[in-house]
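Chemist: my_file.csv is reproduced in full below (CSV, C-alpha atoms and all ligand atoms).
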```
chain,number,residue,atom,x,y,z
A,7,MET,CA,-8.0,35.2,-22.6
A,8,PRO,CA,-7.8,31.5,-22.9
A,9,VAL,CA,-5.6,30.0,-25.5
A,10,ARG,CA,-7.6,28.7,-28.4
A,11,THR,CA,-7.1,27.6,-31.9
A,12,ALA,CA,-9.7,28.3,-34.5
A,13,PRO,CA,-12.1,25.4,-35.1
A,14,GLY,CA,-11.5,25.2,-38.9
A,15,SER,CA,-8.2,24.5,-40.3
A,16,ILE,CA,-9.2,26.9,-43.1
A,17,ALA,CA,-9.2,29.7,-40.6
A,18,ARG,CA,-5.5,29.0,-39.8
A,19,MET,CA,-4.7,28.6,-43.5
A,20,ILE,CA,-6.4,31.9,-44.3
A,21,PHE,CA,-4.4,33.5,-41.6
A,22,ALA,CA,-1.2,32.1,-42.9
A,23,LEU,CA,-2.4,33.3,-46.3
A,24,GLY,CA,-2.9,36.8,-44.9
A,25,GLU,CA,0.7,36.7,-43.5
A,26,VAL,CA,2.0,35.6,-46.9
A,27,MET,CA,0.0,38.2,-48.7
A,28,SER,CA,1.0,41.1,-46.5
A,29,SER,CA,4.7,40.1,-46.7
A,30,PHE,CA,4.5,40.0,-50.5
A,31,LYS,CA,2.1,43.0,-50.7
A,32,LEU,CA,-0.4,40.9,-52.6
A,33,SER,CA,-4.1,41.5,-52.6
A,34,PHE,CA,-6.9,39.2,-53.4
A,35,VAL,CA,-7.7,39.4,-57.1
A,36,ASN,CA,-10.0,36.5,-57.8
A,37,GLY,CA,-10.9,33.0,-56.8
A,38,PHE,CA,-8.0,31.6,-58.8
A,39,THR,CA,-5.4,33.8,-57.0
A,40,LEU,CA,-7.1,32.9,-53.7
A,41,THR,CA,-6.8,29.2,-54.4
A,42,ALA,CA,-3.3,29.4,-55.6
A,43,LEU,CA,-2.3,31.4,-52.6
A,44,VAL,CA,-4.1,29.1,-50.2
A,45,CYS,CA,-2.1,26.2,-51.7
A,46,PHE,CA,1.1,28.2,-51.5
A,47,SER,CA,0.5,29.1,-47.9
A,48,PHE,CA,-0.4,25.6,-47.0
A,49,MET,CA,2.8,24.3,-48.5
A,50,SER,CA,5.2,27.0,-47.4
A,51,ALA,CA,3.8,28.7,-44.3
A,52,PRO,CA,2.0,26.2,-42.1
A,53,VAL,CA,1.0,27.4,-38.7
A,54,HIS,CA,1.7,24.8,-36.1
A,55,SER,CA,0.7,24.7,-32.4
A,56,VAL,CA,-0.7,28.2,-32.3
A,57,ASP,CA,-0.8,29.8,-28.9
A,58,LYS,CA,-2.8,32.7,-30.3
A,59,VAL,CA,-6.4,32.9,-31.5
A,60,PHE,CA,-6.9,33.0,-35.2
A,61,ILE,CA,-10.2,34.2,-36.5
A,62,ALA,CA,-11.5,34.5,-40.1
A,63,ILE,CA,-14.2,36.9,-41.1
A,64,GLY,CA,-16.0,36.1,-44.4
A,65,THR,CA,-16.6,39.2,-46.6
A,66,GLY,CA,-17.6,39.5,-50.3
A,67,GLY,CA,-16.0,40.3,-53.6
A,68,PRO,CA,-12.7,42.2,-53.5
A,69,THR,CA,-14.2,45.3,-55.1
A,70,GLY,CA,-17.2,45.4,-52.6
A,71,VAL,CA,-17.7,47.2,-49.3
A,72,TYR,CA,-17.8,43.9,-47.3
A,73,PHE,CA,-14.1,43.3,-48.1
A,74,VAL,CA,-13.2,46.7,-46.7
A,75,ALA,CA,-15.6,46.2,-43.7
A,76,GLY,CA,-14.0,42.8,-42.8
A,77,ASN,CA,-10.5,44.1,-43.2
A,78,SER,CA,-11.3,47.2,-41.2
A,79,ILE,CA,-12.6,45.1,-38.3
A,80,CYS,CA,-9.3,43.1,-38.4
A,81,ARG,CA,-7.4,46.3,-38.5
A,82,MET,CA,-9.1,47.5,-35.3
A,83,ILE,CA,-8.5,44.2,-33.6
A,84,HIS,CA,-4.8,44.3,-34.4
A,85,LYS,CA,-4.6,48.0,-33.3
A,86,GLU,CA,-6.2,47.1,-30.0
A,87,ALA,CA,-3.8,44.1,-29.6
A,88,ALA,CA,-0.8,46.4,-30.3
A,89,GLU,CA,-2.0,49.2,-27.9
A,90,GLY,CA,-2.9,46.6,-25.3
A,91,ARG,CA,0.6,45.2,-25.3
A,92,LYS,CA,1.9,48.6,-24.4
A,93,GLN,CA,-0.7,49.2,-21.7
A,94,GLY,CA,-0.7,45.7,-20.2
A,95,ARG,CA,-4.2,44.9,-21.5
A,96,LYS,CA,-3.5,42.1,-23.8
A,97,HIS,CA,-5.5,40.1,-26.3
A,98,ASP,CA,-4.1,37.5,-28.6
A,99,ILE,CA,-6.5,37.6,-31.5
A,100,ARG,CA,-5.1,37.6,-35.0
A,101,CYS,CA,-7.6,38.2,-37.8
A,102,ALA,CA,-8.0,37.7,-41.5
A,103,ALA,CA,-10.8,38.8,-43.7
A,104,PRO,CA,-10.6,37.0,-47.1
A,105,SER,CA,-12.7,37.7,-50.1
A,106,THR,CA,-15.6,35.3,-50.4
A,107,GLY,CA,-18.8,34.7,-52.5
A,108,GLY,CA,-20.9,36.9,-50.1
A,109,SER,CA,-23.7,36.8,-47.6
A,110,THR,CA,-25.1,33.3,-47.9
A,111,TYR,CA,-21.7,31.8,-48.5
A,112,ASN,CA,-20.5,33.4,-45.3
A,113,ILE,CA,-23.5,32.1,-43.3
A,114,SER,CA,-23.1,28.6,-44.6
A,115,ASN,CA,-19.4,28.5,-43.8
A,116,ILE,CA,-19.9,29.9,-40.3
A,117,ARG,CA,-22.4,27.1,-39.8
A,118,GLN,CA,-19.7,24.6,-40.9
A,119,GLY,CA,-17.0,26.1,-38.7
A,120,GLU,CA,-14.9,27.2,-41.7
A,121,LEU,CA,-15.4,30.9,-40.8
A,122,ASP,CA,-15.6,32.4,-37.4
A,123,PHE,CA,-17.4,35.6,-38.3
A,124,GLY,CA,-19.0,36.9,-41.5
A,125,ILE,CA,-20.8,39.8,-43.0
A,126,ALA,CA,-24.3,39.2,-44.2
A,127,GLN,CA,-27.3,41.1,-45.5
A,128,SER,CA,-30.0,41.5,-42.9
A,129,ASP,CA,-32.5,39.6,-45.1
A,130,TRP,CA,-30.3,36.5,-45.2
A,131,GLN,CA,-29.5,36.7,-41.5
A,132,HIS,CA,-33.2,36.7,-40.9
A,133,HIS,CA,-34.0,33.8,-43.3
A,134,ALA,CA,-31.1,31.8,-42.0
A,135,TYR,CA,-32.1,32.2,-38.3
A,136,TYR,CA,-35.8,31.5,-38.9
A,137,GLY,CA,-35.3,28.8,-41.6
A,138,THR,CA,-37.3,30.7,-44.3
A,139,GLY,CA,-36.7,31.8,-47.9
A,140,LYS,CA,-33.5,30.2,-49.3
A,141,PHE,CA,-32.9,28.6,-45.8
A,142,ALA,CA,-36.3,26.8,-45.7
A,143,GLY,CA,-35.7,23.4,-44.0
A,144,LYS,CA,-32.2,24.5,-43.2
A,145,ARG,CA,-32.7,26.7,-40.1
A,146,PHE,CA,-29.4,27.9,-38.5
A,147,GLU,CA,-30.6,28.3,-34.9
A,148,GLN,CA,-27.0,28.8,-33.7
A,149,LEU,CA,-26.5,31.9,-35.8
A,150,ARG,CA,-25.8,35.0,-33.6
A,151,ALA,CA,-25.8,38.7,-34.4
A,152,VAL,CA,-22.9,40.9,-33.4
A,153,PHE,CA,-23.7,44.3,-34.8
A,154,SER,CA,-25.0,45.9,-38.0
A,155,MET,CA,-23.2,48.3,-40.3
A,156,HIS,CA,-24.0,50.3,-43.4
A,157,PRO,CA,-27.2,50.4,-45.5
A,158,GLU,CA,-27.1,48.4,-48.7
A,159,PRO,CA,-29.6,49.5,-51.4
A,160,PHE,CA,-30.4,47.0,-54.1
A,161,HIS,CA,-29.2,48.4,-57.4
A,162,ILE,CA,-30.3,47.5,-60.8
A,163,ILE,CA,-27.6,49.1,-63.0
A,164,VAL,CA,-28.3,49.4,-66.7
A,165,GLY,CA,-26.0,49.9,-69.7
A,166,LYS,CA,-25.9,53.3,-71.5
A,167,ASN,CA,-27.9,52.5,-74.7
A,168,THR,CA,-30.1,49.7,-73.5
A,169,GLY,CA,-33.2,51.8,-73.1
A,170,ILE,CA,-34.0,50.1,-69.7
A,171,LYS,CA,-35.9,52.5,-67.5
A,172,SER,CA,-37.8,50.2,-65.2
A,173,TRP,CA,-37.9,46.5,-64.1
A,174,ALA,CA,-40.4,45.7,-66.9
A,175,ASP,CA,-37.8,46.8,-69.5
A,176,LEU,CA,-35.5,44.0,-68.3
A,177,LYS,CA,-37.6,41.5,-70.3
A,178,GLY,CA,-35.7,40.1,-73.2
A,179,LYS,CA,-32.4,41.6,-72.0
A,180,ARG,CA,-29.1,40.0,-70.9
A,181,VAL,CA,-29.1,40.3,-67.1
A,182,ASN,CA,-26.5,39.4,-64.5
A,183,ILE,CA,-28.4,37.8,-61.6
A,184,GLY,CA,-25.2,37.3,-59.5
A,185,ASN,CA,-23.0,34.4,-58.4
A,186,PRO,CA,-24.6,31.7,-56.1
A,187,GLY,CA,-23.6,32.5,-52.5
A,188,SER,CA,-23.9,36.2,-52.9
A,189,GLY,CA,-26.5,38.2,-51.1
A,190,GLN,CA,-27.6,40.0,-54.3
A,191,ARG,CA,-28.3,36.7,-56.0
A,192,GLY,CA,-30.7,35.8,-53.3
A,193,THR,CA,-32.3,39.2,-53.2
A,194,MET,CA,-32.5,39.3,-57.0
A,195,GLU,CA,-34.4,36.0,-56.9
A,196,VAL,CA,-36.8,37.4,-54.3
A,197,LEU,CA,-37.5,40.4,-56.5
A,198,MET,CA,-37.9,38.3,-59.6
A,199,THR,CA,-40.5,36.1,-57.8
A,200,ALA,CA,-42.3,39.3,-56.5
A,201,HIS,CA,-42.5,40.7,-60.1
A,202,GLY,CA,-43.5,37.3,-61.5
A,203,THR,CA,-40.3,37.3,-63.7
A,204,SER,CA,-38.4,34.1,-64.4
A,205,LYS,CA,-35.0,33.6,-65.9
A,206,ASP,CA,-36.6,32.6,-69.2
A,207,ASP,CA,-38.0,36.2,-69.4
A,208,PHE,CA,-34.4,37.3,-69.9
A,209,GLN,CA,-32.5,36.7,-73.1
A,210,LEU,CA,-29.6,35.6,-70.9
A,211,ALA,CA,-29.2,35.3,-67.2
A,212,THR,CA,-25.5,35.3,-66.2
A,213,GLU,CA,-24.0,34.4,-62.8
A,214,LEU,CA,-21.0,36.8,-62.8
A,215,THR,CA,-19.4,37.9,-59.6
A,216,SER,CA,-19.5,41.4,-58.3
A,217,THR,CA,-16.0,41.9,-59.6
A,218,GLU,CA,-16.8,40.8,-63.1
A,219,GLN,CA,-20.2,42.5,-63.7
A,220,SER,CA,-19.2,46.1,-64.2
A,221,LYS,CA,-16.6,45.2,-66.9
A,222,ALA,CA,-19.1,42.9,-68.6
A,223,LEU,CA,-21.7,45.8,-68.7
A,224,CYS,CA,-19.1,48.3,-70.0
A,225,ASP,CA,-18.0,45.7,-72.6
A,226,GLN,CA,-21.7,45.4,-73.6
A,227,LYS,CA,-21.7,41.7,-72.8
A,228,ILE,CA,-24.7,42.2,-70.5
A,229,ASP,CA,-27.4,44.9,-70.4
A,230,ALA,CA,-28.0,45.1,-66.7
A,231,PHE,CA,-27.0,43.7,-63.3
A,232,GLY,CA,-28.4,43.5,-59.8
A,233,TYR,CA,-26.2,44.4,-56.8
A,234,THR,CA,-26.8,44.9,-53.1
A,235,VAL,CA,-24.0,47.1,-51.9
A,236,GLY,CA,-23.1,50.0,-49.7
A,237,VAL,CA,-22.8,53.5,-51.2
A,238,PRO,CA,-20.5,54.7,-52.6
A,239,ASN,CA,-18.8,51.6,-54.1
A,240,ALA,CA,-15.9,51.4,-56.5
A,241,GLY,CA,-17.5,48.5,-58.5
A,242,VAL,CA,-20.6,50.6,-59.2
A,243,ALA,CA,-18.6,53.6,-60.1
A,244,LEU,CA,-16.7,51.6,-62.6
A,245,ALA,CA,-20.0,51.2,-64.5
A,246,THR,CA,-21.7,54.6,-63.8
A,247,ASP,CA,-18.6,56.9,-64.0
A,248,GLY,CA,-16.7,54.6,-66.3
A,249,CYS,CA,-19.3,53.9,-69.1
A,250,ALA,CA,-22.3,56.0,-68.3
A,251,ALA,CA,-24.5,53.2,-66.8
A,252,LYS,CA,-27.5,54.3,-64.7
A,253,ILE,CA,-29.1,53.1,-61.5
A,254,ILE,CA,-32.9,52.7,-61.9
A,255,ASN,CA,-35.6,53.4,-59.3
A,256,LEU,CA,-37.2,50.4,-57.7
A,257,SER,CA,-40.1,52.0,-55.7
A,258,GLY,CA,-43.3,50.7,-57.3
A,259,PRO,CA,-46.1,48.7,-55.6
A,260,VAL,CA,-44.1,45.4,-55.8
A,261,GLU,CA,-41.2,46.9,-53.8
A,262,GLU,CA,-43.6,48.6,-51.5
A,263,ARG,CA,-45.2,45.2,-50.7
A,264,LEU,CA,-41.7,43.8,-50.0
A,265,VAL,CA,-40.8,46.6,-47.6
A,266,ASN,CA,-44.2,46.5,-45.9
A,267,ASN,CA,-44.2,42.8,-45.4
A,268,ASN,CA,-40.6,42.2,-44.3
A,269,PRO,CA,-38.8,43.8,-41.3
A,270,PHE,CA,-35.4,43.5,-42.9
A,271,TYR,CA,-36.2,45.6,-46.0
A,272,THR,CA,-36.5,49.4,-46.1
A,273,PHE,CA,-36.5,52.1,-48.7
A,274,ILE,CA,-33.1,53.7,-49.3
A,275,THR,CA,-32.3,56.8,-51.3
A,276,ILE,CA,-29.0,57.0,-53.3
A,277,PRO,CA,-28.5,60.7,-53.3
A,278,LYS,CA,-28.2,62.8,-56.4
A,279,GLY,CA,-24.6,63.3,-57.4
A,280,LYS,CA,-23.2,60.1,-55.7
A,281,TYR,CA,-22.1,58.9,-59.1
A,282,LYS,CA,-21.6,60.7,-62.3
A,283,THR,CA,-24.9,59.5,-63.8
A,284,THR,CA,-27.1,59.9,-60.7
A,285,ASP,CA,-28.5,63.3,-61.9
A,286,SER,CA,-31.5,62.8,-59.6
A,287,ALA,CA,-31.8,60.8,-56.4
A,288,VAL,CA,-32.6,57.1,-56.9
A,289,ILE,CA,-35.1,55.4,-54.7
A,290,THR,CA,-34.8,51.7,-54.2
A,291,PHE,CA,-35.4,49.1,-51.5
A,292,GLY,CA,-32.5,47.6,-49.5
A,293,VAL,CA,-31.1,45.9,-46.5
A,294,THR,CA,-28.5,46.5,-43.8
A,295,ALA,CA,-25.1,44.9,-43.7
A,296,THR,CA,-24.6,42.9,-40.5
A,297,VAL,CA,-21.8,41.0,-38.7
A,298,VAL,CA,-22.7,37.5,-37.6
A,299,THR,CA,-21.1,34.6,-35.8
A,300,ARG,CA,-22.0,31.2,-34.2
A,301,ALA,CA,-23.4,30.7,-30.7
A,302,ASP,CA,-20.4,28.5,-29.7
A,303,GLN,CA,-17.9,31.3,-30.5
A,304,PRO,CA,-16.3,32.0,-27.1
A,305,ASP,CA,-17.7,35.1,-25.4
A,306,GLU,CA,-14.2,36.6,-24.8
A,307,ILE,CA,-13.5,36.6,-28.5
A,308,VAL,CA,-16.8,38.2,-29.5
A,309,TYR,CA,-16.3,40.7,-26.7
A,310,GLU,CA,-12.8,41.7,-27.9
A,311,VAL,CA,-14.0,41.9,-31.6
A,312,VAL,CA,-16.9,44.2,-30.6
A,313,ARG,CA,-14.7,46.2,-28.2
A,314,SER,CA,-12.0,46.8,-30.8
A,315,VAL,CA,-14.5,48.2,-33.3
A,316,PHE,CA,-16.5,50.4,-30.8
A,317,GLU,CA,-13.5,51.7,-28.9
A,318,ASN,CA,-12.1,52.9,-32.3
A,319,ILE,CA,-15.4,53.9,-34.0
A,320,ASP,CA,-14.0,57.3,-35.2
A,321,ASP,CA,-11.0,55.6,-36.9
A,322,PHE,CA,-13.4,52.9,-38.2
A,323,ARG,CA,-15.8,55.4,-39.8
A,324,ALA,CA,-12.9,57.0,-41.7
A,325,LEU,CA,-12.0,53.7,-43.4
A,326,HIS,CA,-14.7,53.9,-46.0
A,327,PRO,CA,-17.3,56.6,-46.9
A,328,ALA,CA,-20.1,54.0,-46.5
A,329,PHE,CA,-19.1,53.8,-42.8
A,330,SER,CA,-19.1,57.6,-42.2
A,331,SER,CA,-22.5,57.7,-40.4
A,332,LEU,CA,-22.2,54.5,-38.4
A,333,ASP,CA,-23.6,55.1,-34.9
A,334,PRO,CA,-23.5,52.6,-32.0
A,335,ALA,CA,-27.3,53.0,-31.1
A,336,PRO,CA,-28.7,51.6,-34.4
A,337,MET,CA,-25.6,49.3,-34.9
A,338,ILE,CA,-26.6,47.2,-31.9
A,339,LYS,CA,-30.2,46.7,-33.0
A,340,ASP,CA,-31.1,47.6,-36.6
A,341,GLY,CA,-31.3,44.6,-39.1
A,342,LEU,CA,-30.5,42.1,-36.4
A,343,SER,CA,-32.9,39.1,-36.4
A,344,ALA,CA,-30.8,36.5,-34.7
A,345,PRO,CA,-30.2,36.9,-31.0
A,346,LEU,CA,-27.1,39.0,-30.1
A,347,HIS,CA,-24.1,36.9,-29.0
A,348,PRO,CA,-23.6,37.2,-25.2
A,349,GLY,CA,-20.0,38.4,-25.7
A,350,ALA,CA,-21.4,41.4,-27.6
A,351,VAL,CA,-24.1,41.9,-25.0
A,352,LYS,CA,-21.5,42.1,-22.3
A,353,TYR,CA,-19.7,45.0,-23.9
A,354,TYR,CA,-23.0,46.8,-24.8
A,355,LYS,CA,-24.1,46.5,-21.2
A,356,GLU,CA,-20.8,47.8,-19.9
A,357,LYS,CA,-21.2,50.8,-22.1
A,358,GLY,CA,-24.7,51.4,-20.8
A,359,TRP,CA,-26.1,50.9,-24.3
A,360,MET,CA,-28.5,48.1,-23.2
A,401,LIG,N1,-24.3,42.4,-50.2
A,401,LIG,C1,-23.4,41.6,-51.0
A,401,LIG,C2,-23.5,40.2,-50.7
A,401,LIG,O1,-24.1,39.9,-49.7
A,401,LIG,C3,-21.9,42.0,-50.9
A,401,LIG,C4,-21.7,43.5,-51.0
A,401,LIG,C5,-20.3,43.9,-50.7
A,401,LIG,O2,-19.4,43.1,-51.0
A,401,LIG,O3,-20.1,44.9,-50.2
A,401,LIG,O4,-23.1,39.3,-51.4
```
Rewrite the coordinates I just gave you, this time as structure tokens.

Modeler:
Amino acid sequence: MPVRTAPGSIARMIFALGEVMSSFKLSFVNGFTLTALVCFSFMSAPVHSVDKVFIAIGTGGPTGVYFVAGNSICRMIHKEAAEGRKQGRKHDIRCAAPSTGGSTYNISNIRQGELDFGIAQSDWQHHAYYGTGKFAGKRFEQLRAVFSMHPEPFHIIVGKNTGIKSWADLKGKRVNIGNPGSGQRGTMEVLMTAHGTSKDDFQLATELTSTEQSKALCDQKIDAFGYTVGVPNAGVALATDGCAAKIINLSGPVEERLVNNNPFYTFITIPKGKYKTTDSAVITFGVTATVVTRADQPDEIVYEVVRSVFENIDDFRALHPAFSSLDPAPMIKDGLSAPLHPGAVKYYKEKGWM
């Protein structure tokens, strides 16, 4: 493995931050903490002349599934590195997976070289690669797919006594449309356009993060929020199990058109009993979570990342219930619109999967 430093100084800072965090047993709480810790790590733990490879994987809010996914990938990379040292098969990758704004933030920061890898919804991977939707006029041709992960249904979660039973009932209500940079913000906007709904149709359209929205719903500061996330999710449970919020069906003609006209959408069922208030199955449309990188990411690095995950797939599946049915065959093709990175292809061919 050639010696390489990460392209973005942020990647090294984030790694230093990870080291600082693990030594102090801290976890990401919010953007403020992140900023404070980045500054702290920058001042007190600079990483000079690294002879290792530092990679940063962009995730999502700290209560989401992406945060677990990114950190699980890092865990497998570090496990392989440790086992490799014993067996003489060495790789020098060190990995950090900070909390970020979500899918479109990750894609933009991979483009700028500030992140090496990132997790992104299949719809935003598609739009970024083809220069459509939010990425119209800003095509990211160098975006590369690595593998896909868990399904992410789009949830509309409604407060207990709001009387909201369908999309139409959101009119005149206080709705969280998500923070800019998040995948759900983009998908919410697509759904609003498809339904002919504008922000003005809501009494209030907030831009809270995924970490803030459940509390806001339970505190009755908002009536509903949109969230694209794997199942089950602690943030969703906070609202459903914590204050009897409900997830509504999104399976009418508008969603049917979205699914029929776009390869990256599919209908997903949230099974009965997943949360305290899902007393019957919820049918909604959704996407797939995917891992992406840039074309100029060295093949050996992508190869080792992919190898670490797939050689340890059973351990990986056990790290979150949303990962329990991950299966290599769909993971190397479903939801991937950008070309696969050659480093990933090398491993998939070696395994006889391609
Ligand atoms: N799908 C969300 C996004 O792209 C993130 C979900 C999660 O954090 O698990 O922003």

Chemist: Name the residues in contact with Thr212 of chain A at a cut-off of 8 Å, using all atoms listed in the file, excluding same-chain residues fewer than 6 positions from it; report them as a list in words.

Modeler: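 So, after excluding close chain neighbours, the residues are Arg180, Val181, Asn182, Ile183 and Gly184 of chain A.
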
Chemist: Which residues, written as a PDB file with C-alpha atoms, in the coordinates of the input, have at least one atom at most 8 Å from Asp305 of chain A, with only C-alpha atoms counted and residues fewer than 3 positions away on the same chain left out?

Modeler:
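Output saved as selection32.pdb:
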```
ATOM      1  CA  VAL A 308     -16.800  38.200 -29.500  1.00  0.00           C
ATOM      2  CA  TYR A 309     -16.300  40.700 -26.700  1.00  0.00           C
ATOM      3  CA  HIS A 347     -24.100  36.900 -29.000  1.00  0.00           C
ATOM      4  CA  PRO A 348     -23.600  37.200 -25.200  1.00  0.00           C
ATOM      5  CA  GLY A 349     -20.000  38.400 -25.700  1.00  0.00           C
ATOM      6  CA  ALA A 350     -21.400  41.400 -27.600  1.00  0.00           C
TER       7      ALA A 350
END
```

Chemist: Show me the residues around (-33.0, 39.8, -76.1) - criterion: an atom at most 6 Å away, all atoms listed in the file counted - as a ChimeraX atom specification.

Modeler: /A:178-179,209

Chemist: Just want the residues within 6 Å of ligand LIG 401 (chain A), written as a list in words, counting all atoms listed in the file.

Modeler: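 Using all atoms listed in the file, I find these residues within 6 Å of ligand LIG 401 (chain A): Gly66, Gly67, Gly70, Val71, Tyr72, Gly108, Ser109, Ala126, Gln127, Ser188, Gly189, Gln190, Thr234, Val235 and Gly236 of chain A.
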
Chemist: Please indicate the distance in Å from atom CA of Pro159 of chain A to atom CA of Tyr135 of chain A, rounded to one decimal place.

Modeler: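 So the answer is 21.8 Å.
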
Chemist: Tell me, in Å to one decimal, how far atom CA of Lys282 of chain A is from atom CA of Leu244 of chain A.

Modeler: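 Atom CA of Leu244 of chain A lies 10.3 Å from atom CA of Lys282 of chain A.
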